[in-house]
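Note: the block below is data27.cif and it holds mmCIF, C-alpha atoms.
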```cif
data_model
#
loop_
_atom_site.label_atom_id
_atom_site.label_comp_id
_atom_site.auth_asym_id
_atom_site.auth_seq_id
_atom_site.Cartn_x
_atom_site.Cartn_y
_atom_site.Cartn_z
CA MET N 8 11.35 -8.33 14.00
CA ARG N 9 8.17 -9.70 12.43
CA ILE N 10 7.06 -7.99 9.22
CA SER N 11 3.50 -8.25 7.92
CA VAL N 12 2.75 -7.42 4.29
CA ILE N 13 -0.72 -5.94 3.71
CA ILE N 14 -2.07 -5.84 0.14
CA PRO N 15 -5.40 -4.03 -0.46
CA THR N 16 -7.21 -5.30 -3.55
CA LEU N 17 -10.25 -4.62 -5.70
CA ASN N 18 -10.59 -6.55 -8.96
CA GLU N 19 -6.86 -7.32 -9.20
CA GLU N 20 -6.94 -10.85 -10.60
CA ARG N 21 -4.53 -9.86 -13.38
CA THR N 22 -1.86 -8.29 -11.17
CA LEU N 23 -2.14 -10.09 -7.81
CA PRO N 24 -0.76 -13.49 -8.92
CA VAL N 25 2.47 -11.88 -10.09
CA THR N 26 2.77 -9.78 -6.93
CA LEU N 27 2.18 -12.75 -4.62
CA ALA N 28 4.55 -15.01 -6.54
CA GLN N 29 7.29 -12.37 -6.29
CA THR N 30 6.60 -11.51 -2.62
CA LEU N 31 6.33 -15.02 -1.17
CA PRO N 32 10.06 -15.91 -1.41
CA LEU N 33 11.21 -12.68 0.25
CA GLY N 34 11.03 -13.99 3.80
CA PHE N 35 8.20 -11.93 5.30
CA ASP N 36 6.29 -13.39 8.23
CA GLU N 37 2.78 -13.09 6.80
CA ILE N 38 0.95 -11.70 3.78
CA LEU N 39 -2.58 -10.40 4.22
CA VAL N 40 -4.62 -9.77 1.07
CA VAL N 41 -7.48 -7.46 2.06
CA ASP N 42 -10.18 -7.46 -0.59
CA GLY N 43 -12.79 -4.73 -0.88
CA GLY N 44 -15.46 -6.80 -2.61
CA SER N 45 -13.96 -7.83 -5.95
CA SER N 46 -16.32 -9.11 -8.64
CA ASP N 47 -13.56 -11.02 -10.44
CA GLY N 48 -11.41 -13.90 -9.16
CA THR N 49 -9.21 -11.88 -6.84
CA GLN N 50 -10.45 -13.53 -3.64
CA ASN N 51 -9.58 -17.00 -4.95
CA ILE N 52 -6.06 -16.19 -6.16
CA THR N 53 -4.33 -17.88 -3.22
CA GLU N 54 -6.20 -21.12 -3.90
CA ARG N 55 -5.27 -21.05 -7.59
CA LEU N 56 -1.62 -20.39 -6.80
CA ASP N 57 -1.52 -23.11 -4.13
CA VAL N 58 0.36 -20.87 -1.73
CA GLY N 59 -1.17 -22.36 1.39
CA GLY N 60 -3.53 -19.47 1.96
CA SER N 61 -6.92 -19.57 3.63
CA ARG N 62 -9.80 -17.17 3.52
CA LEU N 63 -10.76 -15.13 6.56
CA ASP N 64 -14.48 -14.52 6.16
CA THR N 65 -16.10 -11.75 8.11
CA ASP N 66 -19.36 -10.73 9.63
CA PRO N 67 -21.12 -7.70 8.09
CA PRO N 68 -19.19 -4.43 8.60
CA ASN N 69 -19.76 -2.82 11.95
CA ALA N 70 -20.67 0.83 12.41
CA GLY N 71 -17.02 1.83 12.38
CA GLY N 72 -16.40 0.30 8.97
CA GLY N 73 -14.38 -2.61 10.32
CA THR N 74 -14.90 -6.36 10.26
CA SER N 75 -15.15 -9.26 12.69
CA LEU N 76 -12.87 -12.17 11.84
CA VAL N 77 -14.58 -15.49 12.41
CA THR N 78 -12.21 -18.11 11.00
CA ARG N 79 -8.55 -18.89 11.53
CA ARG N 80 -5.63 -17.55 9.49
CA SER N 81 -3.16 -19.66 7.56
CA SER N 82 0.53 -19.80 8.44
CA LEU N 83 1.62 -17.31 5.77
CA VAL N 84 -1.09 -15.98 3.42
CA ALA N 85 -4.68 -15.04 4.22
CA VAL N 86 -7.48 -13.30 2.36
CA LEU N 87 -9.56 -10.89 4.41
CA ILE N 88 -12.83 -9.32 3.26
CA SER N 89 -13.33 -5.65 4.06
CA PRO N 90 -15.62 -2.76 3.19
CA PRO N 91 -14.24 -1.07 0.04
CA GLY N 92 -11.80 1.81 0.27
CA ARG N 93 -8.02 1.49 0.33
CA ALA N 94 -7.63 3.20 3.73
CA ARG N 95 -10.32 1.00 5.30
CA GLN N 96 -8.86 -2.15 3.78
CA MET N 97 -5.37 -1.37 5.00
CA ASN N 98 -6.67 -0.62 8.49
CA VAL N 99 -8.51 -3.96 8.53
CA GLY N 100 -5.28 -5.68 7.50
CA ALA N 101 -3.31 -3.84 10.18
CA ARG N 102 -5.75 -4.93 12.89
CA ALA N 103 -5.44 -8.57 11.82
CA ALA N 104 -1.66 -8.48 11.37
CA THR N 105 0.71 -9.96 13.94
CA GLY N 106 3.89 -8.18 12.83
CA ASP N 107 5.99 -5.59 14.63
CA VAL N 108 6.28 -3.80 11.28
CA LEU N 109 3.50 -3.22 8.73
CA LEU N 110 4.39 -3.03 5.03
CA PHE N 111 1.62 -1.72 2.79
CA LEU N 112 1.99 -2.96 -0.78
CA HIS N 113 -0.15 -2.15 -3.81
CA ALA N 114 -1.34 -5.18 -5.79
CA ASP N 115 0.45 -3.93 -8.92
CA THR N 116 3.80 -3.23 -7.25
CA LEU N 117 6.78 -5.58 -6.93
CA LEU N 118 9.29 -5.34 -4.09
CA PRO N 119 13.06 -5.61 -4.58
CA THR N 120 14.53 -8.96 -3.61
CA ASN N 121 16.36 -7.41 -0.64
CA ALA N 122 13.24 -5.63 0.69
CA ARG N 123 13.27 -7.27 4.10
CA THR N 124 16.94 -6.52 4.71
CA GLU N 125 16.43 -2.91 3.63
CA ILE N 126 13.52 -2.46 6.03
CA GLU N 127 15.36 -4.06 8.95
CA SER N 128 18.43 -1.90 8.35
CA ALA N 129 16.37 1.28 8.20
CA LEU N 130 14.46 0.52 11.39
CA ALA N 131 17.65 -0.42 13.24
CA GLU N 132 18.45 3.30 13.40
CA ALA N 133 17.17 5.12 16.46
CA GLY N 134 14.31 7.50 15.74
CA CYS N 135 13.30 5.87 12.45
CA LEU N 136 9.56 5.12 12.59
CA GLY N 137 9.03 3.88 9.06
CA GLY N 138 9.91 4.57 5.48
CA ARG N 139 9.34 4.01 1.81
CA PHE N 140 11.20 2.75 -1.27
CA ASP N 141 12.10 4.59 -4.43
CA VAL N 142 9.77 3.69 -7.28
CA ARG N 143 10.34 2.81 -10.91
CA PHE N 144 7.75 1.83 -13.46
CA GLU N 145 7.69 -1.43 -15.38
CA ARG N 146 8.27 0.71 -18.46
CA ASP N 147 11.45 2.40 -17.24
CA ALA N 148 12.03 4.61 -20.27
CA GLY N 149 10.72 7.85 -21.74
CA PRO N 150 7.86 9.40 -19.69
CA GLY N 151 7.88 6.51 -17.21
CA TRP N 152 11.56 7.05 -16.40
CA LEU N 153 11.08 10.79 -15.93
CA ILE N 154 7.90 10.55 -13.86
CA SER N 155 9.36 7.99 -11.44
CA ARG N 156 12.46 10.13 -10.90
CA MET N 157 10.27 13.18 -10.24
CA ILE N 158 8.22 11.20 -7.70
CA ASN N 159 11.35 10.04 -5.87
CA LEU N 160 12.92 13.50 -5.86
CA ARG N 161 9.75 15.16 -4.61
CA SER N 162 9.39 12.53 -1.88
CA ARG N 163 13.01 12.91 -0.79
CA LEU N 164 12.72 16.72 -0.62
CA THR N 165 9.37 16.85 1.18
CA GLY N 166 9.50 13.72 3.32
CA ILE N 167 6.04 12.81 1.99
CA ALA N 168 5.47 9.42 0.36
CA THR N 169 2.72 7.79 -1.67
CA GLY N 170 1.39 4.24 -1.63
CA ASP N 171 3.17 3.38 -4.88
CA GLN N 172 6.41 3.53 -2.89
CA ALA N 173 5.48 0.66 -0.53
CA LEU N 174 5.15 2.39 2.84
CA PHE N 175 6.30 0.59 5.98
CA VAL N 176 5.85 1.64 9.60
CA ARG N 177 6.40 0.29 13.08
CA ARG N 178 3.20 -1.27 14.39
CA SER N 179 3.37 0.67 17.65
CA THR N 180 3.65 3.97 15.79
CA PHE N 181 0.84 3.09 13.38
CA ASP N 182 -1.47 2.24 16.29
CA ALA N 183 -0.51 5.40 18.20
CA LEU N 184 -1.43 7.50 15.13
CA GLY N 185 -4.77 5.78 14.77
CA GLY N 186 -3.89 4.16 11.44
CA PHE N 187 -4.91 5.56 8.09
CA ALA N 188 -7.52 8.31 8.08
CA ASP N 189 -10.84 6.97 6.78
CA VAL N 190 -10.77 9.03 3.57
CA PRO N 191 -11.25 7.92 -0.05
CA LEU N 192 -8.07 9.58 -1.30
CA MET N 193 -4.74 10.97 0.01
CA GLU N 194 -4.61 8.52 2.92
CA ASP N 195 -0.94 7.82 2.19
CA ILE N 196 0.03 11.49 2.16
CA ASP N 197 -1.95 12.12 5.34
CA LEU N 198 -0.21 9.26 7.15
CA THR N 199 3.30 10.29 6.15
CA LYS N 200 2.61 13.90 7.14
CA ARG N 201 1.65 12.69 10.61
CA LEU N 202 4.63 10.33 10.72
CA LYS N 203 6.99 13.22 9.98
CA ARG N 204 5.85 15.00 13.11
CA GLN N 205 6.75 11.98 15.25
CA GLY N 206 10.16 11.02 13.90
CA ARG N 207 12.25 10.14 10.89
CA ILE N 208 10.97 8.44 7.73
CA ALA N 209 13.58 6.48 5.78
CA ALA N 210 13.83 7.25 2.05
CA LEU N 211 15.31 4.01 0.72
CA ARG N 212 17.19 3.99 -2.58
CA ALA N 213 16.14 0.40 -3.30
CA GLN N 214 13.39 0.43 -5.91
CA VAL N 215 9.95 -1.11 -6.12
CA THR N 216 8.56 -1.69 -9.62
CA SER N 217 5.04 -0.39 -10.17
CA SER N 218 2.56 -0.68 -13.01
CA PHE N 219 2.32 2.21 -15.48
CA ARG N 220 -1.37 1.52 -16.20
CA ARG N 221 -2.74 4.59 -14.44
CA TRP N 222 -0.48 6.87 -16.45
CA GLU N 223 -1.22 5.13 -19.74
CA ALA N 224 -4.99 5.27 -19.36
CA ALA N 225 -5.33 9.05 -19.72
CA GLY N 226 -1.83 9.81 -21.00
CA PRO N 227 1.23 10.83 -18.94
CA ILE N 228 0.81 14.61 -19.35
CA ARG N 229 -2.87 14.65 -18.40
CA THR N 230 -2.21 12.35 -15.46
CA ILE N 231 0.65 14.52 -14.18
CA LEU N 232 -1.55 17.61 -14.37
CA LEU N 233 -4.35 15.79 -12.56
CA MET N 234 -2.02 14.63 -9.78
CA TRP N 235 -0.59 18.12 -9.32
CA THR N 236 -4.09 19.57 -9.23
CA LEU N 237 -5.30 17.04 -6.67
CA ARG N 238 -2.31 17.63 -4.41
CA PHE N 239 -2.66 21.41 -4.66
CA LEU N 240 -6.37 21.26 -3.84
CA TYR N 241 -5.63 18.94 -0.92
CA TRP N 242 -2.89 21.28 0.30
CA ILE N 243 -5.29 24.25 0.36
CA GLY N 244 -7.84 22.25 2.31
CA VAL N 245 -10.22 20.65 -0.18
CA SER N 246 -11.74 17.49 1.31
CA PRO N 247 -10.51 14.13 -0.05
CA VAL N 248 -14.18 13.18 -0.40
CA ARG N 249 -14.60 15.95 -2.98
CA LEU N 250 -11.28 15.17 -4.64
CA LYS N 251 -12.29 11.53 -5.16
CA ALA N 252 -14.82 12.67 -7.78
CA LEU N 253 -11.91 13.85 -9.95
CA TYR N 254 -9.88 10.65 -9.64
CA ARG N 255 -10.42 7.32 -11.39
CA ASP N 256 -8.35 4.36 -10.20
CA GLU N 257 -7.37 2.31 -13.26
CA ARG N 258 -7.27 -1.50 -13.15
#
```

Do you think you could lay out the structure here as structure tokens?
Amino acid sequence: MRISVIIPTLNEERTLPVTLAQTLPLGFDEILVVDGGSSDGTQNITERLDVGGSRLDTDPPNAGGGTSLVTRRSSLVAVLISPPGRARQMNVGARAATGDVLLFLHADTLLPTNARTEIESALAEAGCLGGRFDVRFERDAGPGWLISRMINLRSRLTGIATGDQALFVRRSTFDALGGFADVPLMEDIDLTKRLKRQGRIAALRAQVTSSFRRWEAAGPIRTILLMWTLRFLYWIGVSPVRLKALYRDER
């Protein structure tokens, strides 16, 4: 089983070095950093870390929002350039990936050391198409502790996961579903809703550790209320394009 890690980035030079340094020893078959046009040093991180990465430059985006790869990949880490938008970037990474399993990892999220074993064990069960990890925040106390437990409980009860939880999916299933919907928000929820209709999604107890920066920026209470509002509006049919105007992605 080959597992490809896909990391969408946009101005993540502060968080990406830590994420790559922690992910590299975990035994995955390739790591694809898919950058959406960063204006900082994100695209050069692999060179600075000396991880053996090479850049995959692209032609201008085609009409479908994709890219044309024109140079070769490295053996383990590559940087791809994509039109901005997390869903688009992850789809570009998926098309370039060679793995049987795709693991989508946020640039500010750290996997547990046994992540590969956990994924292989989950997918060894018949009918399991993918899954997600439990999440904890780097500040695992007070509001951060409570919010992460609420996220995990909600996900376990509903079968719906978010990108913070490091989604993974069989490549064949991802392709059959057409990948992530090309929307500016809620692409993770949309994908897991469609996955649920096809088969089982594993809710792993192993924890990823995610940054608390988004919650700190506006305050935990305001951020919780915003997230609930966005999900309610999405549930009643408001377009993700309209919802994006209410959401600011902190970096």

Contacts of Leu109 of chain N at 10 Å (all atoms listed in the file; same-chain gap of 2+ positions) as a VMD selection string: chain N and resid 9 to 13 97 100 to 101 104 to 107 111 to 112 137 174 to 179 181

Quick check, in Å to one decimal: how far apart do atom CA of Thr180 of chain N and atom CA of Thr120 of chain N lie?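 Taking atom CA of Thr180 of chain N and atom CA of Thr120 of chain N, their separation equals 25.7 Å.
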
When you count all atoms listed in the file, which of these residues is closest to Arg123 of chain N: N:Cys135, N:Val108, N:Leu237, N:Leu192?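 Result for the nearest residue to Arg123 of chain N: N:Val108.
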
Just the residues within 12 Å of Gln96 of chain N, please, counting all atoms listed in the file, with nothing from its chain fewer than 2 positions along; format it as a ChimeraX atom specification. /N:13-17,39-44,68,72-74,86-94,98-103,111-113,186-191,194

Starting from the PyMOL selection byres ((chain N and resi 158-172) around 9), expand the selection into actual residues of this file and give them as an MDAnalysis selection string. chainID N and resid 111:113 115:116 138:143 153:157 173:174 193:200 203 207:210 214:217

Saved selection, atoms kept: C-alpha atoms, as a CSV table (one decimal), in the coordinates of the input:
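Okay, this is what ended up in selection_22.csv:
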```csv
chain,number,residue,atom,x,y,z
N,111,PHE,CA,1.6,-1.7,2.8
N,112,LEU,CA,2.0,-3.0,-0.8
N,113,HIS,CA,-0.2,-2.2,-3.8
N,115,ASP,CA,0.4,-3.9,-8.9
N,116,THR,CA,3.8,-3.2,-7.2
N,138,GLY,CA,9.9,4.6,5.5
N,139,ARG,CA,9.3,4.0,1.8
N,140,PHE,CA,11.2,2.8,-1.3
N,141,ASP,CA,12.1,4.6,-4.4
N,142,VAL,CA,9.8,3.7,-7.3
N,143,ARG,CA,10.3,2.8,-10.9
N,153,LEU,CA,11.1,10.8,-15.9
N,154,ILE,CA,7.9,10.6,-13.9
N,155,SER,CA,9.4,8.0,-11.4
N,156,ARG,CA,12.5,10.1,-10.9
N,157,MET,CA,10.3,13.2,-10.2
N,173,ALA,CA,5.5,0.7,-0.5
N,174,LEU,CA,5.2,2.4,2.8
N,193,MET,CA,-4.7,11.0,0.0
N,194,GLU,CA,-4.6,8.5,2.9
N,195,ASP,CA,-0.9,7.8,2.2
N,196,ILE,CA,0.0,11.5,2.2
N,197,ASP,CA,-2.0,12.1,5.3
N,198,LEU,CA,-0.2,9.3,7.2
N,199,THR,CA,3.3,10.3,6.2
N,200,LYS,CA,2.6,13.9,7.1
N,203,LYS,CA,7.0,13.2,10.0
N,207,ARG,CA,12.2,10.1,10.9
N,208,ILE,CA,11.0,8.4,7.7
N,209,ALA,CA,13.6,6.5,5.8
N,210,ALA,CA,13.8,7.2,2.0
N,214,GLN,CA,13.4,0.4,-5.9
N,215,VAL,CA,10.0,-1.1,-6.1
N,216,THR,CA,8.6,-1.7,-9.6
N,217,SER,CA,5.0,-0.4,-10.2
```

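Note that the spacing between atom CA of Asn18 of chain N and atom CA of Ser45 of chain N amounts to 4.7 Å.
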
Here is a test: counting only C-alpha atoms, which residue of N:Thr230, N:Arg21, N:Glu37, N:Asn121 is nearest to Pro150 of chain N?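 The shortest atom-to-atom distance to Pro150 of chain N comes from N:Thr230.
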
Work out how far apart atom CA of Gly185 of chain N and atom CA of Ile126 of chain N are and give it in Å to one decimal.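 Separation between atom CA of Gly185 of chain N and atom CA of Ile126 of chain N: 21.9 Å.
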
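Within 12 Å of the point (7.3, -15.4, -7.0) in file coordinates, and counting all atoms listed in the file, lie the residues Leu23, Pro24, Val25, Thr26, Leu27, Ala28, Gln29, Thr30, Leu31, Pro32, Leu33, Gly34, Leu56, Val58, Leu117, Leu118, Pro119 and Thr120 of chain N.
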
Box in all listed atoms of segment 133-145 of chain N, axis-aligned, with 3 Å more on each side; write out centre and edge lengths in Å to one decimal as JSON.
```
{"center_x": 12.4, "center_y": 3.0, "center_z": 0.5, "size_x": 15.5, "size_y": 14.9, "size_z": 37.8}
```
